[in-house]
file structure.txt (compact mmCIF, C-alpha atoms)
# COMPACT_ATOMS: atom_id res chain seq x y z
CA MET A 1 0.00 0.00 0.00
CA SER A 2 1.41 3.37 -0.89
CA TYR A 3 1.88 6.25 1.48
CA PHE A 4 -1.16 8.12 0.21
CA SER A 5 -3.66 5.31 0.72
CA ILE A 6 -2.27 4.62 4.21
CA ALA A 7 -2.54 8.30 5.15
CA TRP A 8 -5.99 8.61 3.56
CA GLN A 9 -7.30 5.57 5.42
CA TRP A 10 -6.02 6.92 8.73
CA LEU A 11 -7.36 10.41 8.10
CA THR A 12 -10.82 9.27 7.14
CA SER A 13 -11.34 6.73 9.89
CA ASP A 14 -13.89 8.00 12.37
CA GLN A 15 -11.83 7.53 15.54
CA GLN A 16 -9.25 10.13 14.51
CA TRP A 17 -11.83 12.87 14.82
CA HIS A 18 -12.91 12.38 18.46
CA GLY A 19 -11.37 12.38 21.94
CA GLY A 20 -8.23 13.78 23.52
CA ASP A 21 -5.93 12.30 20.88
CA GLY A 22 -8.20 13.25 17.97
CA ILE A 23 -7.13 15.51 15.13
CA PRO A 24 -9.28 18.52 16.23
CA VAL A 25 -7.69 18.58 19.71
CA ARG A 26 -4.14 18.06 18.42
CA LEU A 27 -4.61 20.67 15.71
CA ALA A 28 -5.94 23.20 18.24
CA GLN A 29 -2.91 22.56 20.48
CA HIS A 30 -0.56 22.94 17.55
CA LEU A 31 -2.15 26.22 16.50
CA GLN A 32 -2.00 27.45 20.08
CA TYR A 33 1.75 26.76 20.42
CA THR A 34 2.37 28.29 17.02
CA GLY A 35 0.32 31.37 17.90
CA ILE A 36 2.09 31.95 21.23
CA ALA A 37 5.60 31.51 19.82
CA LEU A 38 4.85 33.60 16.75
CA GLY A 39 3.21 36.28 18.88
CA ILE A 40 6.29 36.62 21.07
CA ALA A 41 8.54 36.72 18.01
CA VAL A 42 6.39 39.40 16.37
CA ILE A 43 6.39 41.57 19.52
CA ILE A 44 10.19 41.46 19.57
CA ALA A 45 11.16 41.36 15.89
CA LEU A 46 8.63 43.61 14.19
CA PRO A 47 9.30 46.85 16.14
CA ALA A 48 13.04 46.10 16.10
CA GLY A 49 13.05 45.57 12.33
CA LEU A 50 10.95 48.68 11.71
CA ALA A 51 13.16 50.83 13.95
CA MET A 52 16.44 49.54 12.48
CA GLY A 53 15.12 49.87 8.93
CA HIS A 54 13.84 53.40 9.53
CA LEU A 55 17.06 54.52 11.21
CA ARG A 56 19.14 52.54 8.66
CA ARG A 57 21.21 51.01 11.42
CA GLY A 58 22.15 47.53 12.60
CA GLY A 59 22.27 45.80 9.23
CA PHE A 60 25.28 43.73 10.17
CA ALA A 61 23.65 42.50 13.39
CA VAL A 62 20.47 41.54 11.53
CA VAL A 63 22.32 39.56 8.87
CA THR A 64 24.49 37.82 11.48
CA LEU A 65 21.44 36.84 13.52
CA ALA A 66 19.72 35.51 10.39
CA ASN A 67 22.74 33.38 9.48
CA PHE A 68 23.04 32.11 13.03
CA GLY A 69 19.34 31.28 13.21
CA ARG A 70 19.61 29.33 9.99
CA ALA A 71 22.70 27.43 11.10
CA LEU A 72 21.29 26.46 14.52
CA PRO A 73 19.82 22.94 14.40
CA THR A 74 16.27 23.07 15.81
CA LEU A 75 16.32 19.60 17.33
CA GLY A 76 19.59 20.34 19.12
CA LEU A 77 18.32 23.62 20.51
CA LEU A 78 15.06 22.04 21.72
CA VAL A 79 16.81 19.10 23.36
CA LEU A 80 19.52 21.26 24.94
CA ILE A 81 17.10 23.69 26.56
CA PHE A 82 14.90 20.79 27.64
CA VAL A 83 17.80 19.06 29.39
CA LEU A 84 19.18 22.28 30.91
CA THR A 85 15.82 23.45 32.30
CA SER A 86 14.89 19.87 33.29
CA GLY A 87 11.68 20.07 31.32
CA SER A 88 9.94 23.33 32.23
CA VAL A 89 7.52 25.30 30.03
CA ALA A 90 10.36 27.40 28.66
CA SER A 91 11.92 24.32 27.11
CA TRP A 92 9.69 24.55 24.06
CA LEU A 93 8.65 28.18 24.07
CA VAL A 94 12.15 29.68 24.03
CA PRO A 95 13.50 27.83 20.99
CA LEU A 96 10.22 28.17 19.09
CA ALA A 97 10.03 31.92 19.62
CA PHE A 98 13.77 32.38 19.09
CA LEU A 99 13.76 30.60 15.74
CA ALA A 100 10.79 32.67 14.58
CA ILE A 101 12.58 35.98 15.17
CA PRO A 102 15.24 36.08 12.38
CA PRO A 103 12.93 35.78 9.32
CA ILE A 104 10.58 38.50 10.63
CA LEU A 105 13.46 40.75 11.65
CA VAL A 106 15.44 40.39 8.40
CA ASN A 107 12.50 40.86 6.06
CA THR A 108 11.02 43.79 8.00
CA TYR A 109 14.42 45.45 8.13
CA GLU A 110 15.15 44.83 4.43
CA GLY A 111 11.63 45.92 3.51
CA VAL A 112 11.83 49.27 5.28
CA LEU A 113 15.45 49.81 4.21
CA GLY A 114 14.49 49.15 0.59
CA VAL A 115 11.88 51.92 0.52
CA ASP A 116 12.94 54.44 -2.14
CA ALA A 117 14.63 57.43 -0.48
CA ASP A 118 12.71 59.72 -2.86
CA LEU A 119 9.47 58.56 -1.26
CA THR A 120 10.56 59.24 2.31
CA ASP A 121 12.13 62.55 1.28
CA ALA A 122 8.88 63.59 -0.39
CA ALA A 123 6.94 62.59 2.72
CA ARG A 124 9.33 64.59 4.87
CA GLY A 125 8.99 67.54 2.51
CA MET A 126 5.22 67.39 2.90
CA GLY A 127 5.75 67.91 6.62
CA MET A 128 5.13 64.36 7.82
CA THR A 129 6.66 63.49 11.17
CA GLU A 130 9.05 60.53 11.36
CA TRP A 131 6.28 58.46 12.92
CA GLN A 132 3.88 59.33 10.09
CA ILE A 133 6.54 58.46 7.51
CA LEU A 134 6.98 55.06 9.11
CA ARG A 135 3.26 54.41 9.43
CA LYS A 136 1.97 55.84 6.15
CA VAL A 137 4.87 55.34 3.76
CA GLU A 138 7.45 52.81 4.91
CA ILE A 139 5.20 50.14 6.41
CA PRO A 140 2.78 49.96 3.44
CA VAL A 141 5.61 49.86 0.91
CA ALA A 142 7.49 47.23 2.94
CA MET A 143 4.34 45.16 3.50
CA PRO A 144 5.07 42.43 0.90
CA LEU A 145 8.40 41.67 2.56
CA ILE A 146 6.97 41.95 6.09
CA LEU A 147 4.32 39.38 5.17
CA LEU A 148 6.96 37.16 3.59
CA GLY A 149 8.93 37.20 6.85
CA LEU A 150 5.82 36.38 8.87
CA ARG A 151 4.99 33.51 6.52
CA ILE A 152 8.46 31.98 6.70
CA SER A 153 8.36 32.27 10.49
CA ALA A 154 4.88 30.77 10.78
CA ILE A 155 5.90 27.77 8.69
CA GLN A 156 9.12 27.42 10.60
CA VAL A 157 7.26 27.42 13.93
CA VAL A 158 4.74 24.83 12.71
CA ALA A 159 7.62 22.57 11.69
CA THR A 160 9.57 23.12 14.90
CA ALA A 161 6.50 22.59 17.09
CA THR A 162 6.18 19.19 15.39
CA ILE A 163 9.74 18.32 16.29
CA ALA A 164 9.12 19.55 19.86
CA ALA A 165 6.81 16.56 20.37
CA TYR A 166 10.07 14.69 20.89
CA ILE A 167 10.56 16.52 24.20
CA GLY A 168 6.95 15.94 25.19
CA LEU A 169 5.02 18.81 23.64
CA GLY A 170 1.46 18.04 22.52
CA GLY A 171 0.07 18.98 19.15
CA LEU A 172 0.31 17.21 15.81
CA GLY A 173 3.89 16.08 16.36
CA ARG A 174 2.55 13.56 18.92
CA TYR A 175 1.22 11.37 16.09
CA ILE A 176 4.67 11.25 14.55
CA ILE A 177 6.72 10.69 17.70
CA ASP A 178 4.25 8.24 19.28
CA GLY A 179 3.63 6.50 15.98
CA LEU A 180 7.36 6.04 15.45
CA ALA A 181 7.84 4.77 19.01
CA ARG A 182 5.00 2.25 18.64
CA ARG A 183 6.00 1.41 15.06
CA GLU A 184 2.53 2.30 13.79
CA TYR A 185 3.31 3.64 10.36
CA ASN A 186 -0.31 4.52 9.56
CA VAL A 187 -0.38 6.98 12.51
CA VAL A 188 2.94 8.49 11.38
CA ALA A 189 1.73 8.75 7.78
CA GLY A 190 -1.55 10.37 8.79
CA GLY A 191 0.14 12.79 11.17
CA ALA A 192 2.63 13.83 8.50
CA ALA A 193 -0.25 14.43 6.09
CA VAL A 194 -2.07 16.70 8.58
CA ILE A 195 1.13 18.71 9.12
CA VAL A 196 1.74 19.07 5.38
CA LEU A 197 -1.87 20.24 4.94
CA LEU A 198 -1.47 22.73 7.79
CA ALA A 199 1.70 24.13 6.18
CA LEU A 200 -0.11 24.49 2.86
CA ALA A 201 -3.07 26.17 4.58
CA ILE A 202 -0.71 28.72 6.15
CA GLN A 203 0.88 29.32 2.77
CA GLY A 204 -2.61 29.91 1.35
CA LEU A 205 -3.60 32.16 4.22
CA PHE A 206 -0.63 34.43 3.57
CA THR A 207 -1.39 34.57 -0.15
CA LEU A 208 -4.86 35.75 0.85
CA LEU A 209 -3.46 38.26 3.36
CA ARG A 210 -1.22 39.62 0.64
CA TRP A 211 -4.26 40.37 -1.49
CA LEU A 212 -6.10 41.97 1.42
CA ILE A 213 -3.32 44.06 2.95
CA VAL A 214 -0.80 44.96 0.27
CA PRO A 215 -1.74 48.18 -1.57
CA VAL A 216 -2.86 47.52 -5.15
CA GLY A 217 -0.02 49.51 -6.67
CA LEU A 218 2.61 47.34 -4.97
CA ARG A 219 1.21 43.92 -5.78
CA ARG A 220 3.00 43.63 -9.06
CA GLN A 221 6.44 43.57 -7.45
CA THR A 222 6.37 39.90 -6.62
CA GLN A 223 8.96 39.07 -4.00
CA VAL A 224 10.34 35.61 -3.74
CA SER A 225 11.88 34.24 -0.59
CA MET B 226 35.65 18.77 26.33
CA SER B 227 37.26 15.59 27.61
CA TRP B 228 34.09 13.83 26.50
CA ALA B 229 34.60 15.13 22.96
CA TRP B 230 38.21 13.94 22.95
CA ASP B 231 37.30 10.50 24.26
CA ASN B 232 34.65 10.12 21.57
CA ARG B 233 36.59 11.70 18.75
CA ALA B 234 36.34 8.64 16.51
CA LEU B 235 32.54 8.56 16.77
CA LEU B 236 32.31 12.33 16.36
CA ALA B 237 34.50 12.24 13.26
CA GLN B 238 32.46 9.42 11.78
CA ASP B 239 29.15 11.20 12.41
CA THR B 240 30.57 14.48 11.10
CA GLY B 241 31.43 12.64 7.91
CA SER B 242 27.97 11.17 7.51
CA HIS B 243 26.43 14.52 8.47
CA LEU B 244 28.32 16.30 5.69
CA TYR B 245 27.45 13.57 3.22
CA LEU B 246 23.72 13.82 4.05
CA ALA B 247 23.81 17.64 3.94
CA LEU B 248 25.96 18.20 0.86
CA MET B 249 24.63 15.54 -1.53
CA PRO B 250 21.32 17.47 -1.71
CA ILE B 251 23.23 20.65 -2.53
CA LEU B 252 25.12 18.86 -5.32
CA PHE B 253 21.86 17.49 -6.77
CA GLY B 254 20.30 20.92 -6.26
CA ILE B 255 22.99 22.61 -8.36
CA ILE B 256 22.77 19.96 -11.08
CA VAL B 257 18.99 20.37 -11.37
CA SER B 258 18.48 24.08 -10.66
CA ILE B 259 20.81 25.48 -13.32
CA PRO B 260 19.12 23.88 -16.35
CA VAL B 261 15.66 24.47 -14.81
CA GLY B 262 16.55 28.11 -14.10
CA VAL B 263 17.81 28.60 -17.66
CA LEU B 264 14.58 27.03 -18.93
CA CYS B 265 12.46 29.37 -16.77
CA VAL B 266 14.23 32.43 -18.18
CA ARG B 267 14.17 31.24 -21.82
CA PHE B 268 10.53 30.16 -21.76
CA ARG B 269 8.82 32.64 -19.51
CA TRP B 270 5.55 30.71 -19.25
CA THR B 271 7.32 27.91 -17.34
CA TRP B 272 8.31 30.27 -14.51
CA PRO B 273 4.97 30.83 -12.65
CA PRO B 274 4.14 27.11 -12.22
CA ILE B 275 7.72 26.27 -11.22
CA LEU B 276 7.77 29.19 -8.78
CA SER B 277 4.56 27.93 -7.12
CA LEU B 278 6.04 24.45 -6.93
CA THR B 279 9.24 25.67 -5.28
CA SER B 280 7.31 27.72 -2.71
CA VAL B 281 5.25 24.63 -1.86
CA PHE B 282 8.44 22.62 -1.28
CA TYR B 283 9.80 25.45 0.80
CA ALA B 284 6.75 25.25 3.07
CA MET B 285 7.06 21.51 3.74
CA PRO B 286 8.22 20.61 7.25
CA SER B 287 11.32 18.45 6.77
CA LEU B 288 10.23 15.82 9.28
CA ALA B 289 6.90 15.28 7.48
CA LEU B 290 8.70 14.76 4.16
CA TYR B 291 11.14 12.28 5.68
CA LEU B 292 8.19 10.30 6.99
CA VAL B 293 6.34 10.30 3.68
CA LEU B 294 9.44 8.98 1.95
CA ILE B 295 10.02 6.10 4.37
CA ASP B 296 7.34 4.20 2.49
CA TYR B 297 9.23 4.51 -0.80
CA THR B 298 12.91 4.50 0.16
CA GLY B 299 12.86 2.51 3.38
CA LEU B 300 15.18 3.81 6.09
CA THR B 301 18.13 4.74 3.90
CA ASP B 302 20.18 7.88 3.35
CA TRP B 303 17.84 8.73 0.47
CA THR B 304 14.99 9.28 2.95
CA VAL B 305 16.86 12.39 4.10
CA ILE B 306 18.70 13.31 0.90
CA ILE B 307 15.59 13.56 -1.32
CA PRO B 308 13.61 16.02 0.88
CA LEU B 309 16.72 18.14 1.45
CA THR B 310 17.26 18.21 -2.32
CA LEU B 311 13.72 19.57 -2.73
CA PHE B 312 14.49 22.26 -0.11
CA SER B 313 17.72 23.22 -1.84
CA LEU B 314 15.81 23.49 -5.13
CA SER B 315 13.22 25.76 -3.53
CA VAL B 316 16.04 28.20 -2.68
CA LEU B 317 18.33 27.62 -5.68
CA ILE B 318 15.88 27.80 -8.60
CA PRO B 319 14.56 31.31 -7.72
CA ASN B 320 18.14 32.49 -7.27
CA VAL B 321 19.33 31.05 -10.59
CA VAL B 322 16.38 32.80 -12.28
CA ALA B 323 17.04 36.09 -10.46
CA GLY B 324 20.75 35.82 -11.30
CA LEU B 325 20.14 35.21 -15.00
CA ARG B 326 17.61 38.05 -15.11
CA SER B 327 20.12 40.42 -13.51
CA VAL B 328 22.35 40.12 -16.59
CA PRO B 329 22.05 43.51 -18.33
CA GLN B 330 20.32 43.49 -21.71
CA PRO B 331 23.26 45.23 -23.51
CA VAL B 332 25.55 42.39 -22.43
CA ARG B 333 23.20 39.85 -24.00
CA GLN B 334 22.93 41.93 -27.14
CA ALA B 335 26.71 42.25 -27.35
CA ALA B 336 27.04 38.46 -27.08
CA THR B 337 24.48 37.99 -29.83
CA ALA B 338 26.25 40.57 -31.99
CA MET B 339 29.51 38.70 -31.51
CA GLY B 340 27.84 35.65 -32.98
CA PHE B 341 27.36 33.63 -29.75
CA GLY B 342 24.81 30.86 -30.11
CA THR B 343 22.17 30.36 -27.39
CA LEU B 344 24.09 27.67 -25.52
CA ARG B 345 27.40 29.51 -25.66
CA GLN B 346 25.71 32.72 -24.54
CA VAL B 347 24.18 30.99 -21.51
CA VAL B 348 27.32 29.09 -20.49
CA GLN B 349 29.99 31.69 -21.24
CA VAL B 350 28.18 34.98 -20.59
CA GLU B 351 24.97 34.73 -18.58
CA LEU B 352 25.84 32.05 -16.01
CA PRO B 353 29.21 33.60 -15.05
CA LEU B 354 27.50 36.96 -14.54
CA ALA B 355 24.78 35.27 -12.48
CA VAL B 356 27.33 33.63 -10.16
CA PRO B 357 27.04 36.16 -7.28
CA VAL B 358 23.26 35.72 -7.02
CA ILE B 359 23.46 31.94 -7.48
CA ILE B 360 26.09 31.66 -4.74
CA ALA B 361 23.97 33.83 -2.44
CA GLY B 362 21.26 31.17 -2.81
CA LEU B 363 23.77 28.39 -2.44
CA ARG B 364 24.91 29.83 0.90
CA VAL B 365 21.36 29.87 2.29
CA ALA B 366 20.67 26.36 0.96
CA THR B 367 23.93 24.91 2.31
CA VAL B 368 23.64 26.39 5.79
CA SER B 369 19.99 25.27 6.10
CA SER B 370 20.82 21.81 4.80
CA ILE B 371 23.62 21.29 7.33
CA SER B 372 21.31 22.30 10.15
CA LEU B 373 18.26 20.34 8.89
CA VAL B 374 20.04 16.98 8.62
CA SER B 375 19.88 16.57 12.39
CA VAL B 376 16.06 16.43 12.29
CA GLY B 377 16.50 13.16 10.42
CA GLN B 378 17.70 11.70 13.70
CA LEU B 379 14.04 11.29 14.70
CA ILE B 380 13.90 8.50 12.09
CA GLY B 381 17.43 7.36 12.94
CA ILE B 382 19.35 9.01 10.07
CA GLY B 383 20.74 12.29 11.30
CA GLY B 384 24.53 12.44 11.29
CA LEU B 385 25.56 14.50 14.32
CA GLY B 386 21.89 14.62 15.34
CA TYR B 387 22.57 11.27 17.00
CA PHE B 388 24.14 13.14 19.92
CA PHE B 389 20.97 15.19 20.42
CA THR B 390 18.68 12.25 21.04
CA ASP B 391 21.39 10.30 22.86
CA GLY B 392 22.13 13.31 25.10
CA GLU B 393 18.44 13.72 25.83
CA GLN B 394 17.99 10.07 26.75
CA ARG B 395 21.05 10.06 29.00
CA ASP B 396 20.35 13.56 30.33
CA PHE B 397 23.87 14.56 29.35
CA PRO B 398 24.07 18.17 28.09
CA THR B 399 27.78 18.09 27.14
CA GLU B 400 27.07 15.76 24.26
CA ILE B 401 24.30 18.06 22.99
CA TYR B 402 26.52 21.16 23.29
CA VAL B 403 29.38 19.59 21.36
CA ALA B 404 27.18 18.42 18.48
CA LEU B 405 25.32 21.74 18.38
CA VAL B 406 28.54 23.75 18.22
CA LEU B 407 30.02 21.35 15.65
CA ILE B 408 26.99 21.74 13.38
CA VAL B 409 27.08 25.54 13.62
CA ILE B 410 30.83 25.51 12.89
CA LEU B 411 30.35 23.23 9.88
CA ALA B 412 27.62 25.54 8.58
CA PHE B 413 29.76 28.66 8.96
CA LEU B 414 32.78 26.91 7.42
CA ALA B 415 30.75 25.90 4.38
CA ASP B 416 29.38 29.44 4.18
CA GLY B 417 32.90 30.90 4.27
CA LEU B 418 34.12 28.49 1.58
CA LEU B 419 31.25 29.59 -0.68
CA VAL B 420 32.22 33.24 -0.19
CA LEU B 421 35.78 32.34 -1.23
CA LEU B 422 34.41 30.40 -4.21
CA ARG B 423 32.46 33.48 -5.30
CA ARG B 424 35.55 35.68 -5.09
CA TRP B 425 37.50 33.16 -7.11
CA LEU B 426 34.83 32.78 -9.78
CA THR B 427 34.13 36.50 -10.16
CA PRO B 428 37.47 38.33 -10.13
CA TRP B 429 35.82 41.35 -11.83
CA GLU B 430 33.52 41.86 -8.84
CA ARG B 431 36.41 42.85 -6.59
CA ALA B 432 37.12 46.00 -8.61
CA ARG B 433 33.41 46.75 -8.69
CA ASP B 434 33.07 46.14 -4.93
CA THR B 435 35.53 48.90 -4.08
CA ARG B 436 33.90 51.21 -6.61
CA ALA B 437 30.42 50.42 -5.24
CA THR B 438 31.61 51.04 -1.69
CA ARG B 439 33.05 54.40 -2.69
CA ARG B 440 29.83 55.32 -4.47
CA ALA B 441 27.75 54.23 -1.47
CA LEU B 442 29.97 56.31 0.83
CA SER B 443 29.60 59.44 -1.27
CA ALA B 444 25.83 58.80 -1.43
CA THR B 445 25.74 58.68 2.38
CA VAL B 446 27.59 61.97 2.55
CA ARG B 447 25.13 63.46 0.08
CA GLY B 448 22.26 61.96 2.05
CA SER B 449 23.36 63.50 5.32
CA ARG B 450 23.78 66.85 3.62
CA ALA B 451 20.26 66.65 2.26
CA GLU B 452 18.99 65.90 5.76
CA GLY B 453 20.87 68.92 7.07
CA VAL B 454 19.08 71.15 4.59
CA SER B 455 15.60 69.92 5.47
call {"tool": "encode", "arguments": {"input": "structure.txt", "output": "structure tokens"}}
result
Amino acid sequence: MSYFSIAWQWLTSDQQWHGGDGIPVRLAQHLQYTGIALGIAVIIALPAGLAMGHLRRGGFAVVTLANFGRALPTLGLLVLIFVLTSGSVASWLVPLAFLAIPPILVNTYEGVLGVDADLTDAARGMGMTEWQILRKVEIPVAMPLILLGLRISAIQVVATATIAAYIGLGGLGRYIIDGLARREYNVVAGGAAVIVLLALAIQGLFTLLRWLIVPVGLRRQTQVS
Amino acid sequence: MSWAWDNRALLAQDTGSHLYLALMPILFGIIVSIPVGVLCVRFRWTWPPILSLTSVFYAMPSLALYLVLIDYTGLTDWTVIIPLTLFSLSVLIPNVVAGLRSVPQPVRQAATAMGFGTLRQVVQVELPLAVPVIIAGLRVATVSSISLVSVGQLIGIGGLGYFFTDGEQRDFPTEIYVALVLIVILAFLADGLLVLLRRWLTPWERARDTRATRRALSATVRGSRAEGVS
């Protein structure tokens, strides 16, 4: 039997949709972890990226952090903090939030930095305050890149939250870790399918957000990660 | 540190397998992305579907892809190498396309005027000029690949990732530290080598770099003056 029929059979069987280990509960947990970690990352990275981009400072630090974040193995970070904190709440939240920061920070910074100086000069000439320039000119123009950063982070957090099931976190990763431990490949296959679908849904959500938030005149400049 | 010394043979062996698992996908990625990128630039209609495909691959959690592949490849190195190849493609193809598109039109026209055929123009003119952008993508792909291999440890194929799960099971942080630091060092080393490779492949960029820096500096001076006026 191929992967797809195994996953399909598991997904469509009635018992997966009820109870504490059912897909709705696990999905809700997964979304909750993702939301918390992403929220923390946004609170830290978005204002920092906007400020550094507006002031045109700190580029080197941003790039270094991005490289470091990419080089850091997620499983290692999760396991290390888990062992060092002997399994407290922070053991999953810290790495999840930390890994979500670089993409938001880099793309927000690059987005604001990339705003044409003529635009900001014109805004300044019209008597806008620095705050107004940021809010009415730089943020809208940088929006495609800001959304790109948020999307990369969201997907990264969903993937890392899955891996965090290894150190005991709930959510969709439980199917994979428990399924592997019990050698039940149908559970693993089904769990992987739900995670792939969730990642695709997030990708779709951000495409939709792009249409809703990005000003019409800017949509043509398609940015690719 | 004495732990690392005592286990140097095992560490060396796992470093070797880690590099193999991380770099094979990059090699395959280069082999596939260059012709595909050229294709996307030559035949513009192929670009949108390929772009959507690459962004879908980019969104896939690595662990989920490893698990899907178990059914087809069994538990072999390919279970990790194939998904990582897809990731590398999702970074490399857009960069090859961006690099080729950054070649100025007059350069292309000059090549045509000199009687270069399509293939010769791509190989001798466009690809060399696209090298900086392609290598920028290669750096991202390589660093991510080296770090992502360790996730494969959850299915038992993870190079240095072995020390993560082993350290967790034995509650022994030293082991985790050492492997973590080793992976980050490997990633930065590979990154540095790619920077050197770019310098070596694009000797003309060095002259331009200094010129660009000078221009940027004078622009900053002009910029600050303009601010002073307002």
call {"tool": "interface_residues", "arguments": {"input": "structure.txt", "of": "chain A", "to": "chain B", "cutoff": "8 Å", "atoms": "only C-alpha atoms", "output": "MDAnalysis selection string"}}
result
chainID A and resid 2:3 67:68 70:77 79:80 83:84 125 152 155:156 158:159 163 177 180 188:189 192:193 195:196 199:200 203 224:225
call {"tool": "write_last_selection", "arguments": {"input": "structure.txt", "atoms": "C-alpha atoms", "output": "short mmCIF file (atom, residue, chain, number, x, y, z; two decimals), in the coordinates of the input"}}
result
data_model
loop_
_atom_site.label_atom_id
_atom_site.label_comp_id
_atom_site.auth_asym_id
_atom_site.auth_seq_id
_atom_site.Cartn_x
_atom_site.Cartn_y
_atom_site.Cartn_z
CA SER A 2 1.41 3.37 -0.89
CA TYR A 3 1.88 6.25 1.48
CA ASN A 67 22.74 33.38 9.48
CA PHE A 68 23.04 32.11 13.03
CA ARG A 70 19.61 29.33 9.99
CA ALA A 71 22.70 27.43 11.10
CA LEU A 72 21.29 26.46 14.52
CA PRO A 73 19.82 22.94 14.40
CA THR A 74 16.27 23.07 15.81
CA LEU A 75 16.32 19.60 17.33
CA GLY A 76 19.59 20.34 19.12
CA LEU A 77 18.32 23.62 20.51
CA VAL A 79 16.81 19.10 23.36
CA LEU A 80 19.52 21.26 24.94
CA VAL A 83 17.80 19.06 29.39
CA LEU A 84 19.18 22.28 30.91
CA GLY A 125 8.99 67.54 2.51
CA ILE A 152 8.46 31.98 6.70
CA ILE A 155 5.90 27.77 8.69
CA GLN A 156 9.12 27.42 10.60
CA VAL A 158 4.74 24.83 12.71
CA ALA A 159 7.62 22.57 11.69
CA ILE A 163 9.74 18.32 16.29
CA ILE A 177 6.72 10.69 17.70
CA LEU A 180 7.36 6.04 15.45
CA VAL A 188 2.94 8.49 11.38
CA ALA A 189 1.73 8.75 7.78
CA ALA A 192 2.63 13.83 8.50
CA ALA A 193 -0.25 14.43 6.09
CA ILE A 195 1.13 18.71 9.12
CA VAL A 196 1.74 19.07 5.38
CA ALA A 199 1.70 24.13 6.18
CA LEU A 200 -0.11 24.49 2.86
CA GLN A 203 0.88 29.32 2.77
CA VAL A 224 10.34 35.61 -3.74
CA SER A 225 11.88 34.24 -0.59
#
call {"tool": "closest_residue", "arguments": {"input": "structure.txt", "among": "A:Gly114, A:Gly127, A:Gly168, A:Gly190", "to": "Arg56 (chain A)", "atoms": "all atoms listed in the file"}}
result
A:Gly114
call {"tool": "residues_around", "arguments": {"input": "structure.txt", "residues": "region 102-107 of chain A", "least_positions_apart": "5", "cutoff": "12 Å", "atoms": "all atoms listed in the file", "output": "NGL selection string"}}
result
:A and (38-53 or 58-72 or 96-97 or 112-114 or 139 or 142-157 or 223-225)
call {"tool": "closest_residue", "arguments": {"input": "structure.txt", "among": "A:Thr160, A:Gln9, A:Thr129, A:Gln32", "to": "Pro95 (chain A)", "atoms": "only C-alpha atoms"}}
result
A:Thr160
call {"tool": "atom_distance", "arguments": {"input": "structure.txt", "atom1": "CA of Pro329 (chain B)", "atom2": "CA of Val420 (chain B)"}}
result
23.2 Å
call {"tool": "atom_distance", "arguments": {"input": "structure.txt", "atom1": "CA of Phe4 (chain A)", "atom2": "CA of Leu31 (chain A)"}}
result
24.4 Å
call {"tool": "residues_around", "arguments": {"input": "structure.txt", "residues": "region 351-362 of chain B", "least_positions_apart": "2", "cutoff": "9 Å", "atoms": "all atoms listed in the file", "output": "PDB file with C-alpha atoms, in the frame of the given file"}}
result
ATOM      1  CA  ILE B 259      20.810  25.480 -13.320  1.00  0.00           C
ATOM      2  CA  VAL B 263      17.810  28.600 -17.660  1.00  0.00           C
ATOM      3  CA  SER B 313      17.720  23.220  -1.840  1.00  0.00           C
ATOM      4  CA  VAL B 316      16.040  28.200  -2.680  1.00  0.00           C
ATOM      5  CA  LEU B 317      18.330  27.620  -5.680  1.00  0.00           C
ATOM      6  CA  ILE B 318      15.880  27.800  -8.600  1.00  0.00           C
ATOM      7  CA  PRO B 319      14.560  31.310  -7.720  1.00  0.00           C
ATOM      8  CA  ASN B 320      18.140  32.490  -7.270  1.00  0.00           C
ATOM      9  CA  VAL B 321      19.330  31.050 -10.590  1.00  0.00           C
ATOM     10  CA  VAL B 322      16.380  32.800 -12.280  1.00  0.00           C
ATOM     11  CA  ALA B 323      17.040  36.090 -10.460  1.00  0.00           C
ATOM     12  CA  GLY B 324      20.750  35.820 -11.300  1.00  0.00           C
ATOM     13  CA  LEU B 325      20.140  35.210 -15.000  1.00  0.00           C
ATOM     14  CA  ARG B 326      17.610  38.050 -15.110  1.00  0.00           C
ATOM     15  CA  SER B 327      20.120  40.420 -13.510  1.00  0.00           C
ATOM     16  CA  VAL B 328      22.350  40.120 -16.590  1.00  0.00           C
ATOM     17  CA  VAL B 332      25.550  42.390 -22.430  1.00  0.00           C
ATOM     18  CA  ARG B 333      23.200  39.850 -24.000  1.00  0.00           C
ATOM     19  CA  GLN B 346      25.710  32.720 -24.540  1.00  0.00           C
ATOM     20  CA  VAL B 347      24.180  30.990 -21.510  1.00  0.00           C
ATOM     21  CA  VAL B 348      27.320  29.090 -20.490  1.00  0.00           C
ATOM     22  CA  GLN B 349      29.990  31.690 -21.240  1.00  0.00           C
ATOM     23  CA  ARG B 364      24.910  29.830   0.900  1.00  0.00           C
ATOM     24  CA  VAL B 365      21.360  29.870   2.290  1.00  0.00           C
ATOM     25  CA  ALA B 366      20.670  26.360   0.960  1.00  0.00           C
ATOM     26  CA  THR B 367      23.930  24.910   2.310  1.00  0.00           C
ATOM     27  CA  LEU B 419      31.250  29.590  -0.680  1.00  0.00           C
ATOM     28  CA  VAL B 420      32.220  33.240  -0.190  1.00  0.00           C
ATOM     29  CA  LEU B 422      34.410  30.400  -4.210  1.00  0.00           C
ATOM     30  CA  ARG B 423      32.460  33.480  -5.300  1.00  0.00           C
ATOM     31  CA  ARG B 424      35.550  35.680  -5.090  1.00  0.00           C
ATOM     32  CA  LEU B 426      34.830  32.780  -9.780  1.00  0.00           C
ATOM     33  CA  THR B 427      34.130  36.500 -10.160  1.00  0.00           C
ATOM     34  CA  GLU B 430      33.520  41.860  -8.840  1.00  0.00           C
TER      35      GLU B 430
END
